[in-house]
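Dropping query_15.txt in here (compact mmCIF, C-alpha atoms):
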```
# COMPACT_ATOMS: atom_id res chain seq x y z
CA MET W 1 0.00 0.00 0.00
CA SER W 2 2.04 2.95 1.22
CA ASP W 3 5.39 3.01 2.91
CA GLU W 4 4.12 0.07 4.98
CA THR W 5 4.40 2.15 8.18
CA PRO W 6 1.69 0.78 10.47
CA SER W 7 -0.37 2.33 13.22
CA TYR W 8 -0.73 0.55 16.53
CA VAL W 9 -3.49 0.03 19.07
CA GLU W 10 -2.63 0.38 22.73
CA GLU W 11 -2.01 -3.31 23.27
CA GLY W 12 0.74 -3.32 20.67
CA GLY W 13 -1.27 -4.94 17.90
CA PHE W 14 -1.21 -3.85 14.28
CA GLU W 15 -4.16 -1.89 12.95
CA ARG W 16 -4.27 -0.99 9.24
CA ASP W 17 -5.48 2.45 8.21
CA MET W 18 -8.26 1.68 5.71
CA THR W 19 -9.13 5.27 4.79
CA TYR W 20 -8.76 5.82 1.05
CA VAL W 21 -9.94 8.26 -1.61
CA PRO W 22 -13.37 6.71 -2.32
CA ASP W 23 -13.89 7.94 -5.91
CA ARG W 24 -14.83 5.31 -8.46
CA ILE W 25 -14.60 4.96 -12.23
CA THR W 26 -17.93 3.73 -13.60
CA ARG W 27 -19.65 3.13 -16.92
CA GLY W 28 -20.75 6.59 -18.09
CA GLY W 29 -19.89 8.02 -14.67
CA ALA W 30 -23.24 6.64 -13.49
CA LYS W 31 -24.11 5.07 -10.15
CA PRO W 32 -22.18 1.76 -9.97
CA GLU W 33 -23.76 -1.65 -10.11
CA HIS W 34 -22.50 -2.53 -6.63
CA GLY W 35 -21.10 -0.82 -3.60
CA PRO W 36 -21.04 2.63 -2.01
CA VAL W 37 -20.78 6.04 -3.59
CA ASN W 38 -18.80 8.04 -1.05
CA GLY W 39 -16.82 10.14 -3.49
CA GLU W 40 -16.91 11.42 -7.05
CA LEU W 41 -17.80 9.23 -10.03
CA TRP W 42 -15.51 9.32 -13.08
CA PRO W 43 -16.49 7.93 -16.49
CA VAL W 44 -14.91 4.86 -18.04
CA GLU W 45 -12.76 6.13 -20.93
CA PRO W 46 -10.13 3.96 -22.65
CA GLY W 47 -6.72 5.62 -22.61
CA ARG W 48 -7.64 8.26 -20.04
CA TYR W 49 -6.36 6.62 -16.86
CA ARG W 50 -3.06 5.22 -15.64
CA LEU W 51 -2.87 2.46 -13.07
CA VAL W 52 0.13 3.05 -10.82
CA ALA W 53 1.00 -0.25 -9.17
CA ALA W 54 4.36 -1.30 -7.74
CA ARG W 55 5.18 -4.94 -8.45
CA ALA W 56 6.62 -5.25 -4.94
CA CYS W 57 3.32 -4.49 -3.20
CA PRO W 58 0.78 -7.30 -2.73
CA TRP W 59 -2.20 -4.92 -2.75
CA ALA W 60 -1.04 -3.33 -6.00
CA ASN W 61 -0.15 -6.72 -7.47
CA ARG W 62 -3.85 -7.60 -7.30
CA ALA W 63 -4.72 -4.78 -9.71
CA ILE W 64 -1.93 -5.76 -12.11
CA ILE W 65 -3.20 -9.34 -12.22
CA VAL W 66 -6.84 -8.35 -12.78
CA ARG W 67 -5.83 -5.94 -15.55
CA GLU W 68 -3.95 -8.79 -17.23
CA LEU W 69 -6.70 -11.39 -16.80
CA LEU W 70 -9.36 -9.09 -18.25
CA GLY W 71 -7.22 -7.93 -21.17
CA LEU W 72 -7.24 -4.25 -20.25
CA GLN W 73 -3.57 -3.63 -21.06
CA ASP W 74 -4.38 -1.39 -24.06
CA VAL W 75 -7.24 0.33 -22.26
CA ILE W 76 -5.59 1.36 -18.97
CA SER W 77 -1.85 2.02 -19.02
CA LEU W 78 0.43 0.80 -16.25
CA GLY W 79 3.07 2.73 -14.31
CA THR W 80 5.37 0.75 -12.03
CA PRO W 81 7.22 2.51 -9.20
CA GLY W 82 10.38 0.90 -7.88
CA PRO W 83 10.40 -1.24 -4.75
CA THR W 84 12.52 0.86 -2.37
CA HIS W 85 10.63 4.12 -2.04
CA ASP W 86 11.75 6.89 0.28
CA ALA W 87 9.86 8.41 3.20
CA LYS W 88 8.11 10.89 0.91
CA SER W 89 6.50 8.58 -1.60
CA TRP W 90 6.70 5.67 -3.98
CA THR W 91 9.09 6.77 -6.72
CA PHE W 92 9.49 6.01 -10.43
CA ASP W 93 13.17 5.21 -10.10
CA LEU W 94 12.99 2.29 -12.55
CA ASP W 95 12.09 4.60 -15.45
CA ALA W 96 14.42 6.67 -17.62
CA GLY W 97 15.21 9.94 -15.92
CA ASP W 98 13.57 8.64 -12.72
CA LYS W 99 10.19 9.83 -14.02
CA ASP W 100 7.06 8.03 -15.10
CA PRO W 101 7.07 8.24 -18.92
CA VAL W 102 3.38 9.15 -19.14
CA LEU W 103 2.78 11.25 -16.03
CA GLY W 104 6.21 12.90 -16.05
CA ILE W 105 6.57 12.73 -12.26
CA HIS W 106 9.24 11.27 -9.98
CA TRP W 107 7.15 10.93 -6.82
CA LEU W 108 3.67 9.46 -6.93
CA ARG W 109 2.89 12.03 -4.25
CA ALA W 110 2.79 14.65 -7.00
CA ALA W 111 -0.46 13.17 -8.35
CA TYR W 112 -1.95 13.05 -4.85
CA ASP W 113 -0.95 16.62 -4.07
CA LYS W 114 -2.25 17.88 -7.39
CA ARG W 115 -5.71 16.64 -6.46
CA PHE W 116 -5.44 17.28 -2.72
CA PRO W 117 -2.74 19.87 -1.91
CA ASP W 118 -0.51 18.65 0.95
CA TYR W 119 -2.33 15.31 1.03
CA PRO W 120 -2.15 14.28 4.70
CA ARG W 121 -2.32 10.48 4.51
CA GLY W 122 0.02 7.78 3.22
CA ILE W 123 0.87 7.67 -0.48
CA THR W 124 -0.46 4.26 -1.44
CA VAL W 125 -0.51 1.90 -4.39
CA PRO W 126 -2.43 0.87 -6.34
CA ALA W 127 -3.57 4.30 -7.44
CA ILE W 128 -5.39 5.38 -10.56
CA VAL W 129 -4.38 8.73 -12.03
CA ASP W 130 -6.28 10.85 -14.55
CA VAL W 131 -3.65 11.34 -17.27
CA PRO W 132 -4.98 14.64 -18.77
CA SER W 133 -5.01 16.43 -15.40
CA GLY W 134 -2.28 14.42 -13.64
CA GLU W 135 -4.56 14.12 -10.61
CA LEU W 136 -5.21 11.11 -8.43
CA VAL W 137 -8.63 9.55 -9.02
CA THR W 138 -8.68 6.81 -6.38
CA ASN W 139 -6.49 4.56 -4.27
CA ASP W 140 -9.35 2.48 -2.84
CA PHE W 141 -7.75 -0.86 -3.69
CA PRO W 142 -10.65 -3.31 -3.10
CA TRP W 143 -12.96 -1.29 -5.34
CA ILE W 144 -10.33 -0.73 -8.03
CA THR W 145 -10.25 -4.42 -8.94
CA HIS W 146 -14.00 -4.83 -8.43
CA ASP W 147 -14.71 -2.00 -10.87
CA LEU W 148 -12.18 -3.21 -13.43
CA PHE W 149 -14.45 -6.23 -13.72
CA PHE W 150 -17.95 -4.75 -13.47
CA GLU W 151 -17.57 -1.22 -14.85
CA TRP W 152 -15.02 -1.85 -17.61
CA ARG W 153 -16.82 -4.92 -19.03
CA ASP W 154 -17.30 -3.33 -22.45
CA HIS W 155 -13.51 -3.38 -22.90
CA HIS W 156 -12.68 -6.89 -21.62
CA LYS W 157 -11.08 -9.38 -23.99
CA PRO W 158 -13.57 -11.92 -25.40
CA ASP W 159 -12.37 -14.82 -23.24
CA ALA W 160 -11.96 -12.85 -20.00
CA PRO W 161 -12.76 -14.95 -16.92
CA ASP W 162 -15.86 -14.33 -14.81
CA LEU W 163 -14.08 -13.15 -11.68
CA TRP W 164 -17.33 -12.43 -9.81
CA PRO W 165 -19.81 -15.25 -10.65
CA GLU W 166 -23.29 -14.23 -9.58
CA ASP W 167 -24.25 -17.58 -8.08
CA LEU W 168 -21.15 -17.62 -5.87
CA ARG W 169 -20.97 -13.97 -4.91
CA GLU W 170 -22.40 -14.24 -1.39
CA GLU W 171 -20.10 -17.09 -0.35
CA MET W 172 -17.19 -15.48 -2.19
CA GLU W 173 -17.59 -12.26 -0.20
CA GLU W 174 -17.39 -14.28 3.02
CA VAL W 175 -14.28 -16.14 1.85
CA MET W 176 -12.57 -12.93 0.73
CA GLU W 177 -13.35 -11.21 4.03
CA ARG W 178 -11.68 -14.03 5.97
CA VAL W 179 -8.74 -14.11 3.56
CA PHE W 180 -8.28 -10.36 3.97
CA THR W 181 -8.55 -10.10 7.74
CA GLU W 182 -6.73 -13.32 8.64
CA VAL W 183 -4.20 -13.87 5.82
CA ASN W 184 -3.58 -10.76 3.67
CA ASN W 185 -3.60 -8.55 6.76
CA GLY W 186 -2.67 -11.36 9.14
CA VAL W 187 0.94 -11.53 8.00
CA TYR W 188 1.29 -7.80 8.72
CA ARG W 189 -0.33 -8.28 12.10
CA CYS W 190 2.49 -10.71 12.88
CA GLY W 191 5.26 -8.62 11.37
CA PHE W 192 4.34 -5.33 13.02
CA ALA W 193 3.21 -6.64 16.41
CA GLY W 194 4.42 -4.40 19.19
CA ASP W 195 4.66 -7.00 21.93
CA GLN W 196 4.96 -10.75 22.41
CA GLY W 197 1.32 -11.36 23.27
CA SER W 198 0.04 -9.48 20.22
CA TYR W 199 2.46 -11.36 17.98
CA GLU W 200 1.48 -14.79 19.31
CA SER W 201 -2.22 -14.00 18.96
CA ALA W 202 -1.66 -12.82 15.39
CA TYR W 203 0.43 -15.90 14.61
CA ASP W 204 -2.30 -18.25 15.85
CA ARG W 205 -4.98 -16.44 13.86
CA LEU W 206 -2.90 -16.56 10.68
CA PHE W 207 -2.17 -20.27 10.84
CA ASP W 208 -5.74 -21.12 11.83
CA ALA W 209 -6.80 -19.45 8.57
CA LEU W 210 -4.07 -21.14 6.54
CA ASP W 211 -5.15 -24.52 7.93
CA TRP W 212 -8.74 -23.72 6.92
CA LEU W 213 -7.55 -22.87 3.39
CA GLU W 214 -5.42 -26.01 3.22
CA GLU W 215 -8.50 -28.09 4.03
CA ARG W 216 -10.74 -26.15 1.64
CA LEU W 217 -8.31 -26.62 -1.24
CA SER W 218 -8.06 -30.36 -0.65
CA THR W 219 -11.43 -30.82 -2.39
CA ARG W 220 -11.52 -28.05 -4.99
CA ARG W 221 -9.01 -26.68 -7.48
CA TYR W 222 -9.67 -23.00 -6.72
CA LEU W 223 -11.18 -21.23 -3.74
CA MET W 224 -14.68 -21.14 -5.22
CA GLY W 225 -14.58 -24.36 -7.22
CA GLU W 226 -13.50 -25.14 -10.77
CA ALA W 227 -12.81 -21.60 -12.02
CA ILE W 228 -10.55 -18.70 -11.02
CA THR W 229 -12.28 -15.78 -9.30
CA GLU W 230 -11.27 -12.54 -7.62
CA ALA W 231 -10.93 -14.52 -4.38
CA ASP W 232 -7.99 -16.40 -5.87
CA VAL W 233 -6.32 -13.18 -6.98
CA ARG W 234 -6.55 -11.79 -3.46
CA LEU W 235 -5.08 -14.86 -1.80
CA PHE W 236 -2.38 -15.45 -4.40
CA THR W 237 -0.46 -12.21 -3.82
CA THR W 238 0.10 -13.12 -0.17
CA LEU W 239 1.04 -16.73 -0.94
CA ALA W 240 3.55 -15.60 -3.57
CA ARG W 241 5.37 -13.58 -0.90
CA PHE W 242 5.06 -16.05 1.95
CA ASP W 243 8.30 -18.02 1.85
CA ALA W 244 10.36 -15.17 0.39
CA VAL W 245 9.30 -12.58 2.96
CA TYR W 246 6.60 -13.35 5.51
CA HIS W 247 8.03 -16.63 6.84
CA GLY W 248 11.23 -15.00 8.07
CA HIS W 249 10.86 -11.23 7.90
CA PHE W 250 7.41 -11.20 9.53
CA LYS W 251 8.09 -14.24 11.78
CA CYS W 252 5.27 -16.31 10.23
CA ASN W 253 7.41 -19.39 10.70
CA ARG W 254 5.28 -22.31 11.88
CA ASN W 255 5.91 -23.74 8.45
CA LYS W 256 6.67 -22.65 4.90
CA LEU W 257 4.14 -22.54 2.11
CA THR W 258 6.07 -25.36 0.46
CA GLU W 259 5.19 -27.53 3.48
CA MET W 260 1.41 -27.19 2.99
CA PRO W 261 0.75 -29.50 0.04
CA HIS W 262 -2.66 -28.25 -1.10
CA LEU W 263 -1.85 -24.54 -0.68
CA TRP W 264 1.55 -24.99 -2.32
CA GLY W 265 0.09 -26.88 -5.27
CA TYR W 266 -2.67 -24.28 -5.60
CA ALA W 267 -0.17 -21.40 -5.47
CA ARG W 268 1.96 -23.01 -8.21
CA ASP W 269 -1.15 -23.69 -10.29
CA LEU W 270 -2.01 -19.98 -10.24
CA PHE W 271 1.62 -18.91 -10.69
CA GLN W 272 1.80 -20.95 -13.89
CA THR W 273 -1.46 -19.40 -15.19
CA PRO W 274 -0.92 -16.44 -17.57
CA GLY W 275 -1.57 -13.19 -15.74
CA PHE W 276 -0.34 -14.43 -12.35
CA GLY W 277 3.29 -15.56 -12.23
CA ASP W 278 4.35 -13.18 -14.98
CA THR W 279 3.40 -10.27 -12.70
CA ILE W 280 5.66 -11.49 -9.88
CA ASP W 281 9.15 -10.05 -9.47
CA PHE W 282 10.79 -11.73 -6.48
CA ALA W 283 13.81 -9.43 -6.55
CA GLN W 284 11.58 -6.36 -6.23
CA ILE W 285 9.44 -8.03 -3.56
CA LYS W 286 12.43 -8.88 -1.37
CA ALA W 287 14.07 -5.48 -1.92
CA HIS W 288 10.93 -3.71 -0.78
CA TYR W 289 10.37 -5.55 2.47
CA TYR W 290 13.96 -6.09 3.56
CA VAL W 291 15.18 -2.59 2.68
CA VAL W 292 12.16 -0.37 3.42
CA HIS W 293 11.36 -2.01 6.77
CA SER W 294 14.56 -0.84 8.39
CA ASP W 295 13.04 -1.13 11.87
CA ILE W 296 12.58 -4.88 11.33
CA ASN W 297 15.73 -5.45 9.23
CA PRO W 298 18.19 -2.66 10.18
CA THR W 299 21.08 -4.17 8.20
CA GLY W 300 19.14 -3.93 4.93
CA ILE W 301 20.52 -7.32 3.86
CA ILE W 302 18.30 -9.00 1.25
CA PRO W 303 18.09 -12.81 1.49
CA LYS W 304 19.43 -14.70 -1.50
CA GLY W 305 16.77 -17.42 -1.47
CA PRO W 306 14.41 -19.16 -1.71
CA ASP W 307 14.83 -21.03 -4.99
CA GLU W 308 12.43 -19.45 -7.48
CA SER W 309 12.60 -22.44 -9.83
CA LEU W 310 10.31 -24.38 -7.45
CA TRP W 311 7.40 -22.26 -8.66
CA HIS W 312 7.71 -23.88 -12.08
CA THR W 313 7.53 -27.50 -10.90
CA PRO W 314 4.40 -29.59 -11.74
CA HIS W 315 1.48 -28.84 -9.43
CA GLY W 316 -0.93 -31.69 -10.20
CA ARG W 317 -3.99 -29.59 -9.39
CA GLU W 318 -5.86 -30.72 -12.52
CA ARG W 319 -6.78 -33.87 -10.61
CA VAL W 320 -8.39 -32.12 -7.63
```
Kindly present the structure from the file in structure tokens form.
Amino acid sequence: MSDETPSYVEEGGFERDMTYVPDRITRGGAKPEHGPVNGELWPVEPGRYRLVAARACPWANRAIIVRELLGLQDVISLGTPGPTHDAKSWTFDLDAGDKDPVLGIHWLRAAYDKRFPDYPRGITVPAIVDVPSGELVTNDFPWITHDLFFEWRDHHKPDAPDLWPEDLREEMEEVMERVFTEVNNGVYRCGFAGDQGSYESAYDRLFDALDWLEERLSTRRYLMGEAITEADVRLFTTLARFDAVYHGHFKCNRNKLTEMPHLWGYARDLFQTPGFGDTIDFAQIKAHYYVVHSDINPTGIIPKGPDESLWHTPHGRERV
């Protein structure tokens, strides 16, 4: 999301700031099919918007994957900040001249400040920027991917997957809520715990959820059955980072992902699916966590492993 600097509750537990710019991009700028309208509505227009999403960030990685799966690459351009941002903002230090080639800015903060002068909150990714004005549109990450599916449907590729099947939506919402609170956010709750008790509670919650997922995936290929949905996208970005970062850096070390056979097979199955593994850059992922989190890793040393070739080994999930 932002510079990954957490806030804490009194007991020393991690509490994520979930306040984002609530604007949404909708078909014709009309009231959206689902969800709240707590900000401005912007019209869907191919070529108008730029998705800014660092490959290092799991929350941003979601948006990159959904854009790929739906075939929106020529409709919404992609800007990719580098993994080791400074205290001010995510920065486009991977691009020529250290500036985004479309927006012409070095710090993503410039787009935030252009819309909201002296923007007071964290500078987060993913963010969608209005290219003509250079202003931030939204950084509300759960609704960004939701709306890429529902509101940009007219521009999907012909064989785009149904990421939000109507008959599964209610159960899928429940699964995604548990995945978010207990797994996506659970690893951070472990990593940024302020005391032993908070850490151990977070650890137990995380592995309870991973055990539930391991059991669920023993009888179905994907989280909701036989087809990939948004729920799989949301879980995958945490699993892809688990052994490389969360197991050691965030002390989520009861076991590795590779030691949970159904979850590990499932993660490889997705990784080897176009639109998933080709969005993963392990070097950027490790650089971000191990360098930016200097309070957790003051030496800034980046681990050499684990062996990335394991992600390409046969997964056998076709038989589930």
Would you list the contacts of Val291 in chain W as a PyMOL selection string, taking every protein, DNA or RNA residue within 12 Å and counting all atoms listed in the file, but skipping same-chain residues closer than 6 positions in sequence? chain W and resi 3-4+56+83-86+245+249+283-285+297-303
Can you tell me, as a short mmCIF file (atom, residue, chain, number, x, y, z; two decimals) with C-alpha atoms, in the frame of the given file, what residues are no more than 12 Å from His34 in chain W when counting all atoms listed in the file, ignoring any on the same chain fewer than 3 positions away?
```
data_model
loop_
_atom_site.label_atom_id
_atom_site.label_comp_id
_atom_site.auth_asym_id
_atom_site.auth_seq_id
_atom_site.Cartn_x
_atom_site.Cartn_y
_atom_site.Cartn_z
CA ARG W 24 -14.83 5.31 -8.46
CA THR W 26 -17.93 3.73 -13.60
CA ALA W 30 -23.24 6.64 -13.49
CA LYS W 31 -24.11 5.07 -10.15
CA VAL W 37 -20.78 6.04 -3.59
CA TRP W 143 -12.96 -1.29 -5.34
CA HIS W 146 -14.00 -4.83 -8.43
CA ASP W 147 -14.71 -2.00 -10.87
CA PHE W 149 -14.45 -6.23 -13.72
CA PHE W 150 -17.95 -4.75 -13.47
CA GLU W 151 -17.57 -1.22 -14.85
CA TRP W 164 -17.33 -12.43 -9.81
CA ARG W 169 -20.97 -13.97 -4.91
#
```
Restricting the calculation to all atoms listed in the file, which member of W:Gly47, W:Gly277, W:Gly79, W:Gly197 is positioned closest to Val125 in chain W?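 Among the listed residues, W:Gly79 lies closest to Val125 in chain W.
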Spatial neighbours of Trp152 in chain W, 9 Å, all atoms listed in the file, chain gap at least 6 places, as number ranges by chain: W: 25-27, 44-45, 72
Write the residues of the selection above to a file with C-alpha atoms, as a PDB file, in the frame of the given file.
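Full text of out.pdb as output:
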```
ATOM      1  CA  ILE W  25     -14.600   4.960 -12.230  1.00  0.00           C
ATOM      2  CA  THR W  26     -17.930   3.730 -13.600  1.00  0.00           C
ATOM      3  CA  ARG W  27     -19.650   3.130 -16.920  1.00  0.00           C
ATOM      4  CA  VAL W  44     -14.910   4.860 -18.040  1.00  0.00           C
ATOM      5  CA  GLU W  45     -12.760   6.130 -20.930  1.00  0.00           C
ATOM      6  CA  LEU W  72      -7.240  -4.250 -20.250  1.00  0.00           C
TER       7      LEU W  72
END
```
When you count all atoms listed in the file, which of these residues is closest to Arg317 in chain W: W:Arg220, W:Arg234, W:Arg241, W:His293? W:Arg220
For Ile76 in chain W, which residue among W:Glu135, W:Pro120, W:Ala110, W:His156 is the nearest when counting all atoms listed in the file? W:His156
Mind running range 230-319 of chain W against range 67-70 of chain W at 12 Å and telling me each contacting residue's nearest atom pair with the distance in Å (one decimal), counting all atoms listed in the file, chain and number ascending, as JSON lines?
```
{"residue": "W:Glu230", "atom": "CA", "partner": "W:Leu69", "partner_atom": "CA", "distance": 10.3}
{"residue": "W:Val233", "atom": "CA", "partner": "W:Leu69", "partner_atom": "CA", "distance": 10.0}
{"residue": "W:Leu270", "atom": "CA", "partner": "W:Leu69", "partner_atom": "CA", "distance": 11.8}
{"residue": "W:Thr273", "atom": "CA", "partner": "W:Leu69", "partner_atom": "CA", "distance": 9.7}
{"residue": "W:Pro274", "atom": "CA", "partner": "W:Leu69", "partner_atom": "CA", "distance": 7.7}
{"residue": "W:Gly275", "atom": "CA", "partner": "W:Glu68", "partner_atom": "CA", "distance": 5.2}
{"residue": "W:Phe276", "atom": "CA", "partner": "W:Glu68", "partner_atom": "CA", "distance": 8.3}
{"residue": "W:Gly277", "atom": "CA", "partner": "W:Glu68", "partner_atom": "CA", "distance": 11.1}
{"residue": "W:Asp278", "atom": "CA", "partner": "W:Glu68", "partner_atom": "CA", "distance": 9.7}
{"residue": "W:Thr279", "atom": "CA", "partner": "W:Glu68", "partner_atom": "CA", "distance": 8.8}
```
Excluding range 253-262 of chain W and residues on its chain fewer than 4 positions from it, collect all residues at most 10 Å away from it, counting all atoms listed in the file, and give them as an MDAnalysis selection string. chainID W and resid 203:204 207 210:211 213:221 239:244 246:249 266:268 310:311 315:317 320
Return the single residue from W:Ser198, W:Asn185, W:Thr229, W:Ser294 that is closest to Asp162 in chain W, with distances computed using only C-alpha atoms.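 Among W:Ser198, W:Asn185, W:Thr229, W:Ser294, it is W:Thr229 that comes nearest to Asp162 in chain W.
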At what distance in Å, to one decimal, does CA of Ile128 in chain W lie from CA of Phe192 in chain W?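 Taking CA of Phe192 in chain W and CA of Ile128 in chain W, their separation equals 27.7 Å.
Nearest residue to Asp93 in chain W among W:Tyr199, W:Trp107, W:Tyr49, W:Tyr119 is W:Trp107, counting all atoms listed in the file.
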Computed interatomic separation between CA of Leu94 in chain W and CA of Asp17 in chain W (Å):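 CA of Leu94 in chain W sits 27.8 Å away from CA of Asp17 in chain W.
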Using all atoms listed in the file: which of W:Leu163, W:Leu206, W:Gly71, W:Asp307 has the shortest distance to Thr181 in chain W: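 Going through W:Leu163, W:Leu206, W:Gly71, W:Asp307 one by one, the smallest distance to Thr181 in chain W is for W:Leu206.
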